[in-house]
>>> print(open('model00.pdb').read())   # PDB, C-alpha atoms
ATOM      1  CA  MET C   4     -13.357  47.580  11.325  1.00  0.00           C
ATOM      2  CA  LYS C   5     -14.048  43.887  11.992  1.00  0.00           C
ATOM      3  CA  ARG C   6     -12.386  42.221  14.892  1.00  0.00           C
ATOM      4  CA  PHE C   7     -10.174  39.188  14.089  1.00  0.00           C
ATOM      5  CA  ASP C   8     -11.658  36.157  15.881  1.00  0.00           C
ATOM      6  CA  ILE C   9      -9.255  33.230  16.309  1.00  0.00           C
ATOM      7  CA  ARG C  10     -12.087  30.842  17.210  1.00  0.00           C
ATOM      8  CA  ARG C  11     -13.792  31.475  13.924  1.00  0.00           C
ATOM      9  CA  VAL C  12     -10.585  30.819  11.963  1.00  0.00           C
ATOM     10  CA  LEU C  13      -9.950  27.592  13.908  1.00  0.00           C
ATOM     11  CA  ALA C  14     -13.512  26.459  13.302  1.00  0.00           C
ATOM     12  CA  TYR C  15     -12.768  26.456   9.562  1.00  0.00           C
ATOM     13  CA  ALA C  16      -9.090  25.474   9.644  1.00  0.00           C
ATOM     14  CA  ILE C  17      -9.257  22.366  11.862  1.00  0.00           C
ATOM     15  CA  PRO C  18     -11.714  20.402   9.673  1.00  0.00           C
ATOM     16  CA  ILE C  19      -9.726  21.320   6.556  1.00  0.00           C
ATOM     17  CA  VAL C  20      -6.449  20.158   8.118  1.00  0.00           C
ATOM     18  CA  LEU C  21      -8.023  16.920   9.392  1.00  0.00           C
ATOM     19  CA  PHE C  22      -9.600  16.185   6.016  1.00  0.00           C
ATOM     20  CA  SER C  23      -6.276  16.813   4.259  1.00  0.00           C
ATOM     21  CA  ALA C  24      -4.453  14.492   6.678  1.00  0.00           C
ATOM     22  CA  MET C  25      -7.041  11.741   6.193  1.00  0.00           C
ATOM     23  CA  LEU C  26      -6.866  12.102   2.415  1.00  0.00           C
ATOM     24  CA  ALA C  27      -3.052  11.883   2.474  1.00  0.00           C
ATOM     25  CA  TRP C  28      -3.222   8.784   4.696  1.00  0.00           C
ATOM     26  CA  PHE C  29      -5.735   7.151   2.339  1.00  0.00           C
ATOM     27  CA  LEU C  30      -3.605   7.832  -0.755  1.00  0.00           C
ATOM     28  CA  ILE C  31      -0.480   6.450   0.913  1.00  0.00           C
ATOM     29  CA  ALA C  32      -2.360   3.310   1.986  1.00  0.00           C
ATOM     30  CA  MET C  33      -3.711   2.770  -1.535  1.00  0.00           C
ATOM     31  CA  ASN C  34      -0.245   3.162  -3.060  1.00  0.00           C
ATOM     32  CA  SER C  35       1.190   0.647  -0.604  1.00  0.00           C
ATOM     33  CA  ALA C  36      -1.572  -1.876  -1.324  1.00  0.00           C
ATOM     34  CA  ASP C  37      -1.068  -1.486  -5.078  1.00  0.00           C
ATOM     35  CA  SER C  38       2.675  -2.069  -4.760  1.00  0.00           C
ATOM     36  CA  SER C  39       2.120  -5.164  -2.617  1.00  0.00           C
ATOM     37  CA  THR C  40      -0.370  -6.578  -5.122  1.00  0.00           C
ATOM     38  CA  LYS C  41       2.038  -6.072  -8.026  1.00  0.00           C
ATOM     39  CA  GLN C  42       4.799  -7.897  -6.151  1.00  0.00           C
ATOM     40  CA  ARG C  43       2.479 -10.845  -5.438  1.00  0.00           C
ATOM     41  CA  GLU C  44       1.391 -11.017  -9.091  1.00  0.00           C
ATOM     42  CA  LEU C  45       5.022 -10.989 -10.228  1.00  0.00           C
ATOM     43  CA  ALA C  46       5.847 -13.803  -7.783  1.00  0.00           C
ATOM     44  CA  ALA C  47       2.813 -15.783  -8.989  1.00  0.00           C
ATOM     45  CA  VAL C  48       3.932 -15.554 -12.639  1.00  0.00           C
ATOM     46  CA  LYS C  49       7.442 -16.698 -11.736  1.00  0.00           C
ATOM     47  CA  SER C  50       6.088 -19.538  -9.603  1.00  0.00           C
ATOM     48  CA  THR C  51       3.810 -20.679 -12.425  1.00  0.00           C
ATOM     49  CA  ILE C  52       6.721 -20.800 -14.871  1.00  0.00           C
ATOM     50  CA  GLU C  53       8.916 -22.634 -12.334  1.00  0.00           C
ATOM     51  CA  ASN C  54       6.151 -25.192 -11.743  1.00  0.00           C
ATOM     52  CA  GLY C  55       5.813 -25.708 -15.499  1.00  0.00           C
ATOM     53  CA  VAL C  56       9.562 -26.254 -15.805  1.00  0.00           C
ATOM     54  CA  THR C  57       9.457 -28.836 -13.021  1.00  0.00           C
ATOM     55  CA  MET C  58       6.448 -30.591 -14.540  1.00  0.00           C
ATOM     56  CA  CYS C  59       8.103 -30.758 -17.948  1.00  0.00           C
ATOM     57  CA  TYR C  60      11.257 -32.267 -16.445  1.00  0.00           C
ATOM     58  CA  ALA C  61       9.253 -34.811 -14.464  1.00  0.00           C
ATOM     59  CA  ILE C  62       7.258 -35.917 -17.520  1.00  0.00           C
ATOM     60  CA  GLU C  63       9.825 -35.677 -20.318  1.00  0.00           C
ATOM     61  CA  GLY C  64      13.133 -36.067 -18.469  1.00  0.00           C
ATOM     62  CA  ALA C  65      14.476 -32.800 -19.887  1.00  0.00           C
ATOM     63  CA  TYR C  66      13.939 -29.149 -19.178  1.00  0.00           C
ATOM     64  CA  PRO C  67      12.012 -27.153 -21.813  1.00  0.00           C
ATOM     65  CA  GLU C  68      14.075 -25.105 -24.249  1.00  0.00           C
ATOM     66  CA  SER C  69      11.826 -22.035 -24.000  1.00  0.00           C
ATOM     67  CA  VAL C  70       8.810 -20.505 -22.330  1.00  0.00           C
ATOM     68  CA  ASP C  71       6.960 -20.856 -25.632  1.00  0.00           C
ATOM     69  CA  TYR C  72       7.385 -24.641 -25.354  1.00  0.00           C
ATOM     70  CA  LEU C  73       5.707 -24.509 -21.942  1.00  0.00           C
ATOM     71  CA  ALA C  74       2.882 -22.426 -23.385  1.00  0.00           C
ATOM     72  CA  GLU C  75       2.310 -24.809 -26.301  1.00  0.00           C
ATOM     73  CA  ASN C  76       2.616 -28.124 -24.473  1.00  0.00           C
ATOM     74  CA  TYR C  77       1.734 -27.403 -20.847  1.00  0.00           C
ATOM     75  CA  GLY C  78      -0.794 -24.590 -21.096  1.00  0.00           C
ATOM     76  CA  LEU C  79       1.321 -21.838 -19.562  1.00  0.00           C
ATOM     77  CA  ILE C  80      -0.549 -18.544 -19.784  1.00  0.00           C
ATOM     78  CA  TYR C  81       0.714 -15.129 -18.692  1.00  0.00           C
ATOM     79  CA  ASP C  82       0.265 -11.573 -19.906  1.00  0.00           C
ATOM     80  CA  LYS C  83       3.121 -11.037 -22.381  1.00  0.00           C
ATOM     81  CA  ASP C  84       2.259  -7.356 -22.692  1.00  0.00           C
ATOM     82  CA  ARG C  85       2.684  -6.863 -18.948  1.00  0.00           C
ATOM     83  CA  TYR C  86       5.636  -9.130 -18.075  1.00  0.00           C
ATOM     84  CA  ILE C  87       9.074  -9.764 -19.526  1.00  0.00           C
ATOM     85  CA  VAL C  88      10.319 -13.312 -18.937  1.00  0.00           C
ATOM     86  CA  TYR C  89      14.042 -13.997 -19.063  1.00  0.00           C
ATOM     87  CA  TYR C  90      14.464 -17.729 -19.595  1.00  0.00           C
ATOM     88  CA  ASP C  91      18.012 -19.052 -19.946  1.00  0.00           C
ATOM     89  CA  CYS C  92      18.280 -22.768 -20.672  1.00  0.00           C
ATOM     90  CA  PHE C  93      21.902 -23.935 -20.763  1.00  0.00           C
ATOM     91  CA  ALA C  94      21.288 -27.653 -21.305  1.00  0.00           C
ATOM     92  CA  ASP C  95      18.457 -30.184 -21.176  1.00  0.00           C
ATOM     93  CA  ASN C  96      19.619 -31.572 -17.824  1.00  0.00           C
ATOM     94  CA  ILE C  97      20.452 -28.274 -16.044  1.00  0.00           C
ATOM     95  CA  ARG C  98      17.605 -26.290 -14.526  1.00  0.00           C
ATOM     96  CA  PRO C  99      17.074 -23.049 -16.473  1.00  0.00           C
ATOM     97  CA  THR C 100      17.255 -19.604 -14.925  1.00  0.00           C
ATOM     98  CA  VAL C 101      13.895 -17.834 -14.822  1.00  0.00           C
ATOM     99  CA  ASN C 102      13.474 -14.125 -14.087  1.00  0.00           C
ATOM    100  CA  VAL C 103      10.242 -12.189 -14.486  1.00  0.00           C
ATOM    101  CA  LEU C 104      10.094  -8.405 -14.747  1.00  0.00           C
ATOM    102  CA  GLU C 105       7.143  -6.104 -15.087  1.00  0.00           C
ATOM    103  CA  ARG C 106       7.052  -3.886 -18.152  1.00  0.00           C
ATOM    104  CA  ARG C 107       6.833  -0.204 -17.358  1.00  0.00           C
ATOM    105  CA  ALA C 108       4.391   2.022 -19.162  1.00  0.00           C
ATOM    106  CA  VAL C 109       6.133   4.605 -21.284  1.00  0.00           C
TER     107      VAL C 109
END
>>> encode(input="model00.pdb", output="structure tokens")
Amino acid sequence: MKRFDIRRVLAYAIPIVLFSAMLAWFLIAMNSADSSTKQRELAAVKSTIENGVTMCYAIEGAYPESVDYLAENYGLIYDKDRYIVYYDCFADNIRPTVNVLERRAV
């Protein structure tokens, strides 16, 4: 009968546990970086639309009636398949409400 040697078990177990911990740490870090990047991209899209609204008002004296107007006349470009833009224009002289949401994959 073979004798159970704790040192031999630890020699195999410790590297496996350390590798698993490092892999878990790496995956958590990657997930956090991805989430941060998505938030910055969302903020950049909203900022771009807000800047276009301001530019339109400065040039024309009225806020644009839609995001499509900004795209046609001021070169606004964003990924329509990735983002949902809620644009609520009440009147030509009242700043519109702009909200940008990311579409979720189904």
>>> resolve_selection(input="model00.pdb", expression="the PyMOL selection byres ((chain C and resi 63-75) around 9)", output="VMD selection string")
chain C and resid 52 55 to 62 76 to 81 88 to 99
>>> residues_near_point(input="model00.pdb", point="(3.2, -8.8, -20.4)", cutoff="10 Å", atoms="only C-alpha atoms", output="list in words")
Tyr81, Asp82, Lys83, Asp84, Arg85, Tyr86, Ile87, Val88, Val103, Leu104, Glu105, Arg106 and Arg107 of chain C
>>> atom_distance(input="model00.pdb", atom1="CA of Ala27 (chain C)", atom2="CA of Arg10 (chain C)")
25.7 Å
>>> decode(input="model00.pdb", residues="region 89-100 of chain C", atoms="all heavy atoms", output="short mmCIF file (atom, residue, chain, number, x, y, z; two decimals), in the first residue's frame")
data_model
loop_
_atom_site.label_atom_id
_atom_site.label_comp_id
_atom_site.auth_asym_id
_atom_site.auth_seq_id
_atom_site.Cartn_x
_atom_site.Cartn_y
_atom_site.Cartn_z
N TYR C 89 -32.86 58.92 -27.80
CA TYR C 89 -34.14 59.54 -27.48
C TYR C 89 -33.93 61.04 -27.58
O TYR C 89 -33.15 61.62 -26.83
CB TYR C 89 -34.60 59.14 -26.07
CG TYR C 89 -35.82 59.90 -25.62
CD1 TYR C 89 -37.08 59.59 -26.12
CD2 TYR C 89 -35.71 60.93 -24.70
CE1 TYR C 89 -38.19 60.29 -25.73
CE2 TYR C 89 -36.82 61.63 -24.29
CZ TYR C 89 -38.06 61.32 -24.81
OH TYR C 89 -39.16 62.03 -24.41
N TYR C 90 -34.60 61.66 -28.54
CA TYR C 90 -34.44 63.08 -28.80
C TYR C 90 -35.82 63.72 -28.73
O TYR C 90 -36.68 63.45 -29.57
CB TYR C 90 -33.81 63.27 -30.18
CG TYR C 90 -33.48 64.70 -30.54
CD1 TYR C 90 -32.25 65.23 -30.19
CD2 TYR C 90 -34.37 65.49 -31.23
CE1 TYR C 90 -31.92 66.53 -30.51
CE2 TYR C 90 -34.06 66.79 -31.56
CZ TYR C 90 -32.84 67.31 -31.21
OH TYR C 90 -32.53 68.60 -31.53
N ASP C 91 -36.05 64.55 -27.74
CA ASP C 91 -37.36 65.17 -27.54
C ASP C 91 -37.22 66.68 -27.69
O ASP C 91 -36.66 67.35 -26.82
CB ASP C 91 -37.91 64.82 -26.16
CG ASP C 91 -39.31 65.36 -25.93
OD1 ASP C 91 -40.04 65.54 -26.92
OD2 ASP C 91 -39.66 65.60 -24.76
N CYS C 92 -37.72 67.19 -28.81
CA CYS C 92 -37.65 68.63 -29.09
C CYS C 92 -39.05 69.21 -28.88
O CYS C 92 -39.99 68.91 -29.63
CB CYS C 92 -37.17 68.86 -30.52
SG CYS C 92 -36.94 70.59 -30.90
N PHE C 93 -39.19 70.04 -27.88
CA PHE C 93 -40.49 70.64 -27.54
C PHE C 93 -40.80 71.84 -28.43
O PHE C 93 -41.90 71.98 -28.93
CB PHE C 93 -40.49 71.03 -26.06
CG PHE C 93 -41.76 71.67 -25.61
CD1 PHE C 93 -42.92 70.93 -25.48
CD2 PHE C 93 -41.79 73.02 -25.32
CE1 PHE C 93 -44.09 71.54 -25.08
CE2 PHE C 93 -42.96 73.63 -24.91
CZ PHE C 93 -44.11 72.88 -24.78
N ALA C 94 -39.80 72.71 -28.60
CA ALA C 94 -39.97 73.90 -29.43
C ALA C 94 -38.61 74.29 -30.00
O ALA C 94 -37.57 73.83 -29.55
CB ALA C 94 -40.55 75.04 -28.60
N ASP C 95 -38.64 75.19 -31.00
CA ASP C 95 -37.39 75.60 -31.65
C ASP C 95 -36.46 76.37 -30.72
O ASP C 95 -35.26 76.39 -30.92
CB ASP C 95 -37.69 76.49 -32.86
CG ASP C 95 -38.25 75.70 -34.02
OD1 ASP C 95 -38.17 74.46 -33.97
OD2 ASP C 95 -38.76 76.32 -34.97
N ASN C 96 -37.02 77.03 -29.69
CA ASN C 96 -36.19 77.86 -28.82
C ASN C 96 -35.94 77.23 -27.44
O ASN C 96 -35.37 77.88 -26.57
CB ASN C 96 -36.83 79.23 -28.65
CG ASN C 96 -38.20 79.15 -28.00
OD1 ASN C 96 -38.80 78.08 -27.95
ND2 ASN C 96 -38.69 80.27 -27.52
N ILE C 97 -36.35 76.00 -27.23
CA ILE C 97 -36.11 75.28 -25.97
C ILE C 97 -35.19 74.10 -26.27
O ILE C 97 -35.47 73.29 -27.15
CB ILE C 97 -37.43 74.80 -25.33
CG1 ILE C 97 -38.30 76.01 -25.00
CG2 ILE C 97 -37.15 73.97 -24.09
CD1 ILE C 97 -39.68 75.65 -24.49
N ARG C 98 -34.12 74.02 -25.49
CA ARG C 98 -33.12 72.97 -25.74
C ARG C 98 -33.77 71.58 -25.61
O ARG C 98 -34.43 71.29 -24.63
CB ARG C 98 -31.97 73.09 -24.75
CG ARG C 98 -30.84 72.13 -25.07
CD ARG C 98 -29.59 72.46 -24.26
NE ARG C 98 -28.50 71.63 -24.65
CZ ARG C 98 -27.68 71.87 -25.66
NH1 ARG C 98 -27.83 72.96 -26.38
NH2 ARG C 98 -26.69 71.06 -25.96
N PRO C 99 -33.57 70.73 -26.60
CA PRO C 99 -34.16 69.39 -26.56
C PRO C 99 -33.49 68.49 -25.52
O PRO C 99 -32.35 68.71 -25.13
CB PRO C 99 -33.94 68.85 -27.97
CG PRO C 99 -32.82 69.65 -28.51
CD PRO C 99 -32.84 70.97 -27.83
N THR C 100 -34.23 67.49 -25.11
CA THR C 100 -33.71 66.46 -24.20
C THR C 100 -33.08 65.36 -25.05
O THR C 100 -33.70 64.86 -25.98
CB THR C 100 -34.85 65.87 -23.36
OG1 THR C 100 -35.50 66.92 -22.65
CG2 THR C 100 -34.33 64.84 -22.40
#
